[in-house]
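Q: I have a structure I would like to understand better, so I am pasting it below and will then ask my questions one at a time.
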Amino acid sequence: MNISYKWLKDYLKFDLTPEQTSAALTSIGLETEGIEEIETIRGGLKGLVVGYVLTCEVHPDSDHMHITTVDLGDAQWVKDAYGNNCTISDEGHVIAQIVCGAPNVAAGQKVIVATLGTVLYDGDKSFTIKKAKLRGVNSNGMICASDEIGVGTDHSGIMVLPEDTPLGMLAADYFHVESDYVIAVDITPNRIDAASHFGVARDLNAYLGAHDLPHELTKPCVGKFDEVLAEDKQKATSIAPIQIEVENSEACPRYSGITIEGVTVKESPEWLKVRLQAAGMRPINNIVDITNFILHETCVPMHTFDADKIKGSKIVVKTCTEGTPFITLDGNEHKLSERDLMICNAEEPMCIAGVFGGLESGTTEETKNIFLECACFNPTWVRKTARRQQLSTDASFRYERGVDINNIPYALRRATLLVKELAGGTIVGDPVEVYPVKAENAIVDLTYKRVNTLSGINIPVEKVKQILGLLEMNIIEENEEGVKIEIPYYRVDVYRDCDVIEDILRIYGYDRVELPESAHTSPQQKTLSDQSNHLQQLISEQLTGAGYSEIMCNSLTAEAFYDGLTTFPSEKLVRVMNPLSSDLNVLRQTLLFGGLQSIARNINHRATSLRFYEFGNTEFYNAEKQEAVNQQVASGEKTALEVQQEGRGIAGYSEESHLALWLTGHRNTGSWAVADQKATFFELKAAVLNILKRLGLDCQLKQQQFQDDIFAAGLNISTPRGKVLATLGIVSNKILKKFDIDQEVYYADLNWKSLVKDALKVKVEQEEIAKFPPVKRDLALLVSKDVKFADIEKLAFETDRKLLKSVNLFDVYEGKNLPEGTKSYAVSFIIQDTEKTLVDKQIDGLMQKLIKTFETKLGAQLR
């Protein structure tokens, strides 16, 4: 939010510079992002001065140029700018020769001169006035036309000033150029009270007072309102005041308004336009600008209706039927929900309450009679409506966070007086208001001991009371131990003693909290989350080293991806109530689709060889589980809190942590040393096995092939007891077509939380390096095509577990010279005894035992 330094000073007298003001605001929690100097005329007319044309002669080599000598006064900065490029008169004035092409230049004129080094602006472009030679004659400066310096549009000739204009006067002073500083303040959601100039001034006043710096806070007075109202009541009016009716007081706890007839809609005065431009708003007309001014002054949004367009002369605040069409000021049509609060006339809706006005709700140059609306709407209603209709405005920003309901009368009176001042008109009747339930301020008990305990320092009691007063927190009771205070309604974020203490400390100064000389801590046992993060870091480094890139995909995805899938049924999807779009309407059940979107995007940018991995959560909904939990809670068997404490989260919903890998394209390409090779499923399998090995979960794993609507060919890797550790395979073409991917993609999914739990159970044992050498033996086995290497490996270890250390497949042959339906496996066996050197008899005996097992169990033959 933009805060004007000069506007701020309208309410608060203080001596801080813009930079000091920015630092002070940051120190009290209103963090500033930067300071920018702004001027009513770009460049601020710096370097431009009033000069006097002494002589004017026709240029000998031009039919339109003139050679002039100009007196620029005796200012030292002008002398410094010209140096040796001028003459100095007996009076000490700078006399400069300037060649001018304007037809109206003449001796004896007072003119505006751009001195050497002056920067002039033409739109987004700029140029610097330098010493020049025009048709052989030196020219040191420029006599300016109004459009050349941004004070007009006339370019027919130079500006000729009145004769009594002081010589040497700065152009900035002559044209009353104002400069200001805009401080960009980052308003946090809880500090809506500071989303206005007076709100910031109020907070800064507390800081200045607490630090004994000069300060005086003044709120614009509206006491004249009653006098103006009494005068206007004596005048005859031609229209009746607009009446109001509020049908939904929950959504609209307070609604006020006033009718004014005979206003003149016109351009706003310069001071108002300057203020709004400093806040980043475009001036429109005096009526609209007044409501925008009030918004940025008091944080109270307002709307002005053309009273003649309010059918039935009545405002009705209510909801409309579901699906009612409504066209907003920007010309877009919206379908209303039955939960959208609307400002209606006797026949139709005119505005979305607290969000956006309707097409026919605003004022125009033809408007003569107006109705000023000033209301307070329920933050929840406004927020939900704004999200449903996908609208975000300055008004909704403030209403969503909570507008001060007690400030409504002040804002309405302030706006009315400004309308009377800038647009004229006559107030018709008294202000009208519906305010059925008066809002109560929060009451907080605060003890001085609690202040010192939470803040970590001893703040003097008198200083605590001073800060409370500066923050407008009224002390209603007091004793030796503490005070009972009334919190102003505009502080929607303060309702506990710790909130008050936080406010006291930020005004007192966080920098006054001294760091202790020593810090005390106690060792804490690592949690599952800590250990998971550590293992995740290890695996991330491993995968990155293997050429994989980590991606982070949106946990929101499109429901359409799950259409027709049995692996991830749509009834288990967690749906978003108010999705931003149909592409982000459910929480993901699998990481697969986010990765495929990333792959498709990269392929479209000609990156076709990809290796990705992602750690992420998946979400599931179980209706049966929710119903069972609901029955337990309804019967009193368990409370909702107990259900959550059992680790089940919200009834019916569950979350899982997963690690996913994607592989597609080529293993290597464009290398002179190695021929191009496509990536294969076995590369992905190797990466998964390496992950399991790094976690210590690679012992005696089982592998089982399968096929489903995700994988054209899949593989489950599980423990001997059947617990699935990883699922991987070739993504089906049906899935790939949804993403316009026409190359094979290999995908692996690991339940990360389950892996972490299993990995933490693994005991790392040390053993001495064997002193006796291993022996390698190879077998060429002719087996049926149905036999897998995993079957051979499993049988080998079942045959011998003492001497056999490893079994490896190093060749597969299928083709000529083999019986039909068979293939040849070349398998190596590593045999080792840790206690003695193996002899041929032991080795041959083991190999014969293995051969017999393969022949018996697998029907294998030696080649």
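Residues are named by chain letter and number: chains run A, B, ... in the order of the structure tokens, numbers start at 1 in each chain, and ligands are numbered from 1 in the order shown.
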Could you pull out the residues in segment 756-800 of chain A that DSSP calls helix (DSSP H, G or I) from the backbone, as a VMD selection string?
A: chain A and resid 756 to 761 789 to 799
Q: Counting only C-alpha atoms, what is within 10 Å of Ala796 of chain A, bar same-chain residues fewer than 6 positions away, as a PDB file with all heavy atoms, in the first residue's frame?
A:
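So the final result, stored in selection-v4.pdb, reads:
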```
ATOM      1  N   ALA A 790      15.070 -63.353 -11.618  1.00  0.00           N
ATOM      2  CA  ALA A 790      14.722 -63.302 -10.195  1.00  0.00           C
ATOM      3  C   ALA A 790      14.452 -64.704  -9.644  1.00  0.00           C
ATOM      4  O   ALA A 790      14.745 -64.994  -8.477  1.00  0.00           O
ATOM      5  CB  ALA A 790      13.503 -62.407  -9.992  1.00  0.00           C
ATOM      6  N   LEU A 804      27.469 -68.650  -0.630  1.00  0.00           N
ATOM      7  CA  LEU A 804      27.073 -67.865  -1.798  1.00  0.00           C
ATOM      8  C   LEU A 804      26.861 -66.405  -1.387  1.00  0.00           C
ATOM      9  O   LEU A 804      26.030 -66.102  -0.534  1.00  0.00           O
ATOM     10  CB  LEU A 804      25.785 -68.441  -2.398  1.00  0.00           C
ATOM     11  CG  LEU A 804      25.323 -67.817  -3.721  1.00  0.00           C
ATOM     12  CD1 LEU A 804      26.359 -68.039  -4.815  1.00  0.00           C
ATOM     13  CD2 LEU A 804      23.990 -68.412  -4.141  1.00  0.00           C
ATOM     14  N   SER A 806      26.836 -63.556  -3.896  1.00  0.00           N
ATOM     15  CA  SER A 806      26.063 -62.779  -4.856  1.00  0.00           C
ATOM     16  C   SER A 806      25.827 -63.569  -6.127  1.00  0.00           C
ATOM     17  O   SER A 806      26.594 -64.486  -6.454  1.00  0.00           O
ATOM     18  CB  SER A 806      26.772 -61.456  -5.199  1.00  0.00           C
ATOM     19  OG  SER A 806      27.971 -61.697  -5.900  1.00  0.00           O
ATOM     20  N   VAL A 807      24.738 -63.212  -6.822  1.00  0.00           N
ATOM     21  CA  VAL A 807      24.371 -63.837  -8.088  1.00  0.00           C
ATOM     22  C   VAL A 807      24.097 -62.707  -9.080  1.00  0.00           C
ATOM     23  O   VAL A 807      23.309 -61.805  -8.785  1.00  0.00           O
ATOM     24  CB  VAL A 807      23.113 -64.723  -7.937  1.00  0.00           C
ATOM     25  CG1 VAL A 807      22.777 -65.391  -9.264  1.00  0.00           C
ATOM     26  CG2 VAL A 807      23.312 -65.763  -6.840  1.00  0.00           C
ATOM     27  N   PHE A 829      28.391 -66.491 -10.225  1.00  0.00           N
ATOM     28  CA  PHE A 829      28.172 -66.745  -8.796  1.00  0.00           C
ATOM     29  C   PHE A 829      29.455 -66.420  -8.048  1.00  0.00           C
ATOM     30  O   PHE A 829      30.545 -66.872  -8.430  1.00  0.00           O
ATOM     31  CB  PHE A 829      27.803 -68.212  -8.555  1.00  0.00           C
ATOM     32  CG  PHE A 829      26.564 -68.649  -9.279  1.00  0.00           C
ATOM     33  CD1 PHE A 829      26.632 -69.112 -10.596  1.00  0.00           C
ATOM     34  CD2 PHE A 829      25.320 -68.618  -8.663  1.00  0.00           C
ATOM     35  CE1 PHE A 829      25.493 -69.522 -11.269  1.00  0.00           C
ATOM     36  CE2 PHE A 829      24.189 -69.031  -9.337  1.00  0.00           C
ATOM     37  CZ  PHE A 829      24.268 -69.482 -10.647  1.00  0.00           C
ATOM     38  N   MET A 847      28.488 -75.956  -6.737  1.00  0.00           N
ATOM     39  CA  MET A 847      28.010 -75.709  -8.098  1.00  0.00           C
ATOM     40  C   MET A 847      27.125 -76.843  -8.570  1.00  0.00           C
ATOM     41  O   MET A 847      26.096 -76.610  -9.245  1.00  0.00           O
ATOM     42  CB  MET A 847      29.193 -75.505  -9.046  1.00  0.00           C
ATOM     43  CG  MET A 847      30.017 -74.248  -8.767  1.00  0.00           C
ATOM     44  SD  MET A 847      29.026 -72.737  -8.718  1.00  0.00           S
ATOM     45  CE  MET A 847      28.383 -72.720 -10.387  1.00  0.00           C
ATOM     46  N   LYS A 849      25.304 -78.695  -6.703  1.00  0.00           N
ATOM     47  CA  LYS A 849      24.056 -78.559  -5.960  1.00  0.00           C
ATOM     48  C   LYS A 849      23.147 -77.507  -6.607  1.00  0.00           C
ATOM     49  O   LYS A 849      21.928 -77.697  -6.717  1.00  0.00           O
ATOM     50  CB  LYS A 849      24.385 -78.168  -4.520  1.00  0.00           C
ATOM     51  CG  LYS A 849      23.210 -78.233  -3.556  1.00  0.00           C
ATOM     52  CD  LYS A 849      23.702 -77.920  -2.151  1.00  0.00           C
ATOM     53  CE  LYS A 849      22.558 -77.970  -1.150  1.00  0.00           C
ATOM     54  NZ  LYS A 849      23.022 -77.616   0.217  1.00  0.00           N
ATOM     55  N   LEU A 850      23.756 -76.420  -7.058  1.00  0.00           N
ATOM     56  CA  LEU A 850      22.990 -75.365  -7.724  1.00  0.00           C
ATOM     57  C   LEU A 850      22.427 -75.866  -9.056  1.00  0.00           C
ATOM     58  O   LEU A 850      21.261 -75.600  -9.390  1.00  0.00           O
ATOM     59  CB  LEU A 850      23.867 -74.125  -7.958  1.00  0.00           C
ATOM     60  CG  LEU A 850      24.255 -73.313  -6.710  1.00  0.00           C
ATOM     61  CD1 LEU A 850      25.295 -72.251  -7.052  1.00  0.00           C
ATOM     62  CD2 LEU A 850      23.016 -72.646  -6.105  1.00  0.00           C
ATOM     63  N   ILE A 851      23.279 -76.591  -9.819  1.00  0.00           N
ATOM     64  CA  ILE A 851      22.838 -77.091 -11.132  1.00  0.00           C
ATOM     65  C   ILE A 851      21.656 -78.022 -10.958  1.00  0.00           C
ATOM     66  O   ILE A 851      20.658 -77.956 -11.698  1.00  0.00           O
ATOM     67  CB  ILE A 851      24.004 -77.796 -11.852  1.00  0.00           C
ATOM     68  CG1 ILE A 851      25.078 -76.770 -12.237  1.00  0.00           C
ATOM     69  CG2 ILE A 851      23.503 -78.536 -13.085  1.00  0.00           C
ATOM     70  CD1 ILE A 851      26.369 -77.408 -12.731  1.00  0.00           C
ATOM     71  N   THR A 853      19.497 -78.097  -8.539  1.00  0.00           N
ATOM     72  CA  THR A 853      18.307 -77.325  -8.140  1.00  0.00           C
ATOM     73  C   THR A 853      17.666 -76.662  -9.351  1.00  0.00           C
ATOM     74  O   THR A 853      16.441 -76.682  -9.510  1.00  0.00           O
ATOM     75  CB  THR A 853      18.695 -76.257  -7.107  1.00  0.00           C
ATOM     76  OG1 THR A 853      19.240 -76.890  -5.945  1.00  0.00           O
ATOM     77  CG2 THR A 853      17.483 -75.420  -6.702  1.00  0.00           C
ATOM     78  N   PHE A 854      18.493 -76.078 -10.218  1.00  0.00           N
ATOM     79  CA  PHE A 854      17.960 -75.399 -11.401  1.00  0.00           C
ATOM     80  C   PHE A 854      17.287 -76.396 -12.344  1.00  0.00           C
ATOM     81  O   PHE A 854      16.264 -76.094 -12.963  1.00  0.00           O
ATOM     82  CB  PHE A 854      19.084 -74.654 -12.135  1.00  0.00           C
ATOM     83  CG  PHE A 854      19.685 -73.520 -11.323  1.00  0.00           C
ATOM     84  CD1 PHE A 854      21.034 -73.178 -11.463  1.00  0.00           C
ATOM     85  CD2 PHE A 854      18.914 -72.813 -10.420  1.00  0.00           C
ATOM     86  CE1 PHE A 854      21.585 -72.152 -10.729  1.00  0.00           C
ATOM     87  CE2 PHE A 854      19.461 -71.776  -9.681  1.00  0.00           C
ATOM     88  CZ  PHE A 854      20.795 -71.454  -9.822  1.00  0.00           C
TER      89      PHE A 854
END
```
Q: Do you have the atom CA of Ala195 of chain A-atom CA of Leu16 of chain A distance handy?
A: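 Computed distance, atom CA of Ala195 of chain A to atom CA of Leu16 of chain A, equals 20.7 Å.
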Q: Let me make sure I understand: among A:Phe305, A:Tyr653, A:Tyr747, A:Tyr82, which one has the smallest atom-to-atom distance to Glu619 of chain A if we use only C-alpha atoms?
A: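 Closest candidate: A:Tyr653.
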Q: I need the residue nearest Arg611 of chain A from this list: A:Ser22, A:Thr557, A:Thr544, A:Ser156. Use only C-alpha atoms for the distance.
A: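 Nearest candidate to Arg611 of chain A out of A:Ser22, A:Thr557, A:Thr544, A:Ser156: A:Thr544.
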Q: Mind checking which residues fall within 10 Å of segment 530-532 of chain A, counting only C-alpha atoms, ignoring those fewer than 5 positions away in the same chain, and posting them as number ranges by chain?
A: A: 525, 537-538, 752-753, 755-757, 759-760
Q: Given the selection you just returned, output its residues as a file containing C-alpha atoms, formatted as a PDB file, in the first residue's frame.
A:
```
ATOM      1  CA  GLN A 525      15.448 -36.596  20.544  1.00  0.00           C
ATOM      2  CA  GLN A 537      18.333 -34.874   1.821  1.00  0.00           C
ATOM      3  CA  LEU A 538      20.509 -37.966   1.354  1.00  0.00           C
ATOM      4  CA  TRP A 752       8.199 -42.258   1.363  1.00  0.00           C
ATOM      5  CA  LYS A 753       6.701 -42.278   4.846  1.00  0.00           C
ATOM      6  CA  LEU A 755      10.188 -46.263   3.564  1.00  0.00           C
ATOM      7  CA  VAL A 756      11.393 -43.936   6.302  1.00  0.00           C
ATOM      8  CA  LYS A 757       9.755 -46.023   9.024  1.00  0.00           C
ATOM      9  CA  ALA A 759      14.705 -47.541   7.173  1.00  0.00           C
ATOM     10  CA  LEU A 760      14.777 -46.426  10.792  1.00  0.00           C
TER      11      LEU A 760
END
```
